$ cat entry20.cif   # mmCIF, C-alpha atoms
data_query
loop_
_atom_site.label_atom_id
_atom_site.label_comp_id
_atom_site.auth_asym_id
_atom_site.auth_seq_id
_atom_site.Cartn_x
_atom_site.Cartn_y
_atom_site.Cartn_z
CA MET A 1422 -7.69 41.30 11.34
CA LYS A 1423 -5.61 44.14 9.97
CA ASP A 1424 -3.72 43.94 6.64
CA PHE A 1425 -0.14 45.11 6.25
CA ASN A 1426 1.12 45.13 2.64
CA TYR A 1427 4.70 45.76 1.55
CA LYS A 1428 6.70 45.73 -1.69
CA CYS A 1429 9.89 44.32 -0.13
CA VAL A 1430 10.90 43.33 3.40
CA ASN A 1431 13.63 41.27 4.99
CA SER A 1432 11.10 38.83 6.50
CA THR A 1433 7.32 38.95 6.97
CA ASN A 1434 7.75 37.21 10.35
CA ASP A 1435 10.12 39.99 11.48
CA ILE A 1436 7.57 42.62 10.42
CA ALA A 1437 4.83 40.77 12.33
CA ILE A 1438 7.04 40.59 15.45
CA ASN A 1439 7.69 44.35 15.26
CA LEU A 1440 3.97 45.08 14.81
CA ILE A 1441 3.11 42.98 17.86
CA LYS A 1442 5.79 44.63 19.98
CA LYS A 1443 4.97 48.22 18.95
CA LYS A 1444 1.20 48.14 18.36
CA ASN A 1445 -1.86 46.62 20.00
CA PHE A 1446 -3.20 44.39 17.24
CA LYS A 1447 -4.66 41.06 18.34
CA ALA A 1448 -4.38 39.66 14.81
CA GLY A 1449 -2.93 40.68 11.47
CA LEU A 1450 -1.76 39.60 8.04
CA VAL A 1451 1.60 40.76 6.65
CA VAL A 1452 2.01 40.30 2.89
CA THR A 1453 4.98 41.24 0.72
CA GLU A 1454 5.93 40.88 -2.93
CA LYS A 1455 9.54 40.06 -2.06
CA GLN A 1456 11.57 38.95 0.95
CA LYS A 1457 15.30 39.55 1.14
CA LYS A 1458 15.87 37.28 4.15
CA GLY A 1459 12.94 34.87 4.24
CA LYS A 1460 13.13 32.35 7.07
CA GLY A 1461 12.87 28.58 6.84
CA GLN A 1462 13.02 25.85 9.47
CA ARG A 1463 16.14 25.47 11.59
CA GLY A 1464 17.67 28.73 10.38
CA LYS A 1465 17.47 27.86 6.69
CA ARG A 1466 16.78 30.61 4.17
CA TRP A 1467 13.42 30.67 2.37
CA ILE A 1468 13.85 31.41 -1.33
CA SER A 1469 11.41 34.17 -2.24
CA ASN A 1470 10.73 34.23 -5.98
CA LYS A 1471 8.62 37.21 -7.02
CA GLY A 1472 5.04 36.21 -7.86
CA ASN A 1473 4.81 33.64 -5.07
CA LEU A 1474 2.98 34.24 -1.78
CA PHE A 1475 4.96 35.41 1.25
CA VAL A 1476 2.75 36.09 4.23
CA SER A 1477 2.77 36.02 8.00
CA VAL A 1478 -0.43 35.64 9.97
CA PHE A 1479 -0.19 36.63 13.61
CA PHE A 1480 -2.63 36.35 16.47
CA SER A 1481 -2.88 36.33 20.23
CA LEU A 1482 -2.85 32.95 21.97
CA GLU A 1483 -4.58 34.46 25.01
CA LYS A 1484 -7.91 32.67 24.51
CA ILE A 1485 -6.70 29.61 22.59
CA ASN A 1486 -6.75 26.30 24.42
CA LEU A 1487 -4.60 24.46 21.88
CA THR A 1488 -0.99 23.33 22.09
CA LEU A 1489 1.60 24.58 19.63
CA LYS A 1490 1.70 21.08 18.16
CA GLN A 1491 -2.07 21.21 17.58
CA LEU A 1492 -1.72 24.69 16.05
CA THR A 1493 0.98 23.36 13.72
CA ILE A 1494 -1.48 20.79 12.34
CA ILE A 1495 -4.30 23.35 12.17
CA ASN A 1496 -2.15 25.88 10.30
CA ALA A 1497 -1.05 23.23 7.81
CA ASN A 1498 -4.64 22.13 7.30
CA LEU A 1499 -5.73 25.74 6.73
CA MET A 1500 -3.10 25.97 3.98
CA ILE A 1501 -4.22 22.66 2.49
CA LYS A 1502 -7.76 24.04 2.45
CA LEU A 1503 -6.54 27.16 0.61
CA ILE A 1504 -4.54 25.17 -1.96
CA SER A 1505 -7.49 22.82 -2.51
CA PHE A 1506 -9.54 25.74 -3.86
CA TYR A 1507 -7.27 25.46 -6.91
CA TYR A 1508 -5.88 21.94 -6.87
CA ARG A 1509 -8.41 19.15 -6.23
CA LYS A 1510 -6.08 16.14 -6.12
CA LYS A 1511 -4.09 14.76 -3.18
CA ILE A 1512 -2.24 17.30 -1.02
CA LYS A 1513 -0.05 15.90 1.73
CA LEU A 1514 1.29 17.32 4.98
CA LYS A 1515 4.88 16.36 5.77
CA LEU A 1516 5.32 17.16 9.44
CA PRO A 1517 6.12 19.54 10.84
CA ASN A 1518 5.86 22.27 8.22
CA ASP A 1519 5.82 21.22 4.57
CA ILE A 1520 2.90 20.87 2.18
CA LEU A 1521 3.61 18.45 -0.68
CA ILE A 1522 1.94 17.63 -3.96
CA ASN A 1523 3.28 14.63 -5.90
CA LYS A 1524 6.17 14.43 -3.38
CA LYS A 1525 7.21 18.00 -4.25
CA LYS A 1526 7.16 20.91 -1.83
CA ILE A 1527 4.65 23.62 -2.71
CA CYS A 1528 4.39 25.36 0.66
CA GLY A 1529 6.41 25.85 3.81
CA ILE A 1530 5.22 27.10 7.19
CA LEU A 1531 7.34 28.57 9.98
CA GLN A 1532 5.76 29.18 13.38
CA GLU A 1533 7.30 31.49 15.95
CA THR A 1534 5.98 32.67 19.31
CA ILE A 1535 6.72 35.86 21.17
CA GLN A 1536 5.64 37.28 24.49
CA LYS A 1537 4.29 40.81 24.92
CA ASN A 1538 3.46 41.71 28.50
CA ASP A 1539 1.40 38.75 29.78
CA ASN A 1540 0.22 37.67 26.35
CA LYS A 1541 1.76 35.15 23.98
CA TYR A 1542 1.43 35.56 20.20
CA LEU A 1543 1.84 33.10 17.36
CA ILE A 1544 3.37 34.19 14.07
CA VAL A 1545 2.72 31.82 11.17
CA GLY A 1546 5.08 32.52 8.28
CA ILE A 1547 3.88 31.00 5.02
CA GLY A 1548 5.58 30.66 1.67
CA LEU A 1549 3.41 29.28 -1.14
CA ASN A 1550 4.76 28.68 -4.63
CA LEU A 1551 2.17 30.21 -6.92
CA ILE A 1552 4.05 30.67 -10.19
CA LYS A 1553 7.68 29.70 -9.61
CA SER A 1554 9.42 26.72 -8.06
CA PRO A 1555 12.71 27.44 -6.31
CA LYS A 1556 15.61 25.22 -7.33
CA ILE A 1557 16.73 23.41 -4.18
CA LYS A 1558 19.21 20.52 -4.10
CA GLU A 1559 17.73 18.70 -1.10
CA TYR A 1560 14.21 18.30 -2.42
CA PRO A 1561 12.01 18.86 -5.47
CA THR A 1562 9.53 21.74 -5.55
CA THR A 1563 6.41 22.60 -7.52
CA ASN A 1564 3.98 25.50 -7.94
CA LEU A 1565 0.26 25.99 -8.50
CA TYR A 1566 0.68 27.38 -12.01
CA ASP A 1567 2.51 24.26 -13.24
CA LEU A 1568 -0.13 22.04 -11.58
CA THR A 1569 -3.26 23.90 -12.68
CA ASP A 1570 -2.24 26.04 -15.67
CA CYS A 1571 -4.00 28.86 -13.80
CA LYS A 1572 -2.16 32.02 -12.77
CA ILE A 1573 -3.33 33.07 -9.32
CA SER A 1574 -2.64 36.60 -8.09
CA VAL A 1575 -1.03 37.20 -4.72
CA ASP A 1576 -3.84 39.66 -3.89
CA LYS A 1577 -6.58 37.11 -4.58
CA ILE A 1578 -5.00 34.23 -2.68
CA SER A 1579 -3.98 36.41 0.28
CA ARG A 1580 -7.63 37.61 0.59
CA GLU A 1581 -8.77 33.98 0.56
CA LEU A 1582 -6.17 33.09 3.18
CA LYS A 1583 -7.30 36.01 5.33
CA ASN A 1584 -10.92 34.80 5.15
CA ILE A 1585 -9.87 31.27 6.16
CA TYR A 1586 -7.98 32.64 9.16
CA ILE A 1587 -10.83 34.99 10.14
CA THR A 1588 -13.16 31.99 10.27
CA PHE A 1589 -10.66 30.06 12.40
CA LEU A 1590 -9.96 33.00 14.75
CA LYS A 1591 -13.69 33.67 15.18
CA SER A 1592 -14.18 30.00 16.12
CA GLN A 1593 -11.52 30.52 18.82
CA LYS A 1594 -13.16 33.82 19.91
CA ILE A 1595 -10.00 35.81 19.18
CA ILE A 1596 -11.71 38.26 16.86
#

$ encode --input "entry20.cif" --output "structure tokens"
Amino acid sequence: MKDFNYKCVNSTNDIAINLIKKKNFKAGLVVTEKQKKGKGQRGKRWISNKGNLFVSVFFSLEKINLTLKQLTIINANLMIKLISFYYRKKIKLKLPNDILINKKKICGILQETIQKNDNKYLIVGIGLNLIKSPKIKEYPTTNLYDLTDCKISVDKISRELKNIYITFLKSQKII
């Protein structure tokens, strides 16, 4: 799984889509410090406060015998696993794409698929509030720093996320 690190992009999902279309990577991890046009569900904007995690994981679906609905649950559970390294209390999945702690959103996931030649790819855009909680009218938010009093670096948590995905992709024989 190849790493792609940026200071600022419009959207990590857009970068992943361009990498898939123009290169021959079967899997990759796109990380940025800041997004100018982060994507949320149903066309909503994802608020990208500096210091939080903005990442897109992409991989080929060529050998995966799972539905997109199953992958949605798997991706959420992989994020719950990552968060649980730092926060040991109850973490809840609110389908289809929100991770909640104490009824507050800490993480959002946006899945997109694209076709390249005869192969389908999944792009999993992830926003995880590490040190800042965006102010959003519709719902309360939280972050890992407020919950744990521990400041987690983007580099450290993105490496851990990569390792979690490598394990999953190896189990699916993708890498």

$ closest_residue --input "entry20.cif" --among "A:Asp1435, A:Asp1424, A:Glu1581, A:Glu1559" --to "A:Ile1535" --atoms "all atoms listed in the file"
A:Asp1435

$ residues_around --input "entry20.cif" --residues "stretch 1566-1568 of chain A" --least-positions-apart "5" --cutoff "9 Å" --atoms "all atoms listed in the file" --output "list in words"
Tyr1508, Asn1550, Leu1551, Ile1552, Lys1553, Ser1554 and Ile1573 of chain A

$ resolve_selection --input "entry20.cif" --expression "the PyMOL selection byres ((chain A and resi 1480) around 12)" --output "ChimeraX atom specification"
/A:1422-1423,1437-1438,1440-1441,1445-1451,1477-1479,1481-1485,1492,1532-1537,1540-1546,1586-1587,1589-1591,1593-1596

$ resolve_selection --input "entry20.cif" --expression "the PyMOL selection byres ((chain A and resi 1495) around 12)" --output "list of chain:residue names"
A:Leu1487, A:Thr1488, A:Leu1489, A:Lys1490, A:Gln1491, A:Leu1492, A:Thr1493, A:Ile1494, A:Asn1496, A:Ala1497, A:Asn1498, A:Leu1499, A:Met1500, A:Ile1501, A:Lys1502, A:Leu1514, A:Leu1516, A:Pro1517, A:Asn1518, A:Ile1530, A:Gln1532, A:Val1545, A:Ile1585, A:Tyr1586, A:Phe1589, A:Leu1590

$ atom_distance --input "entry20.cif" --atom1 "atom CA of A:Lys1471" --atom2 "atom CA of A:Lys1511"
26.1 Å
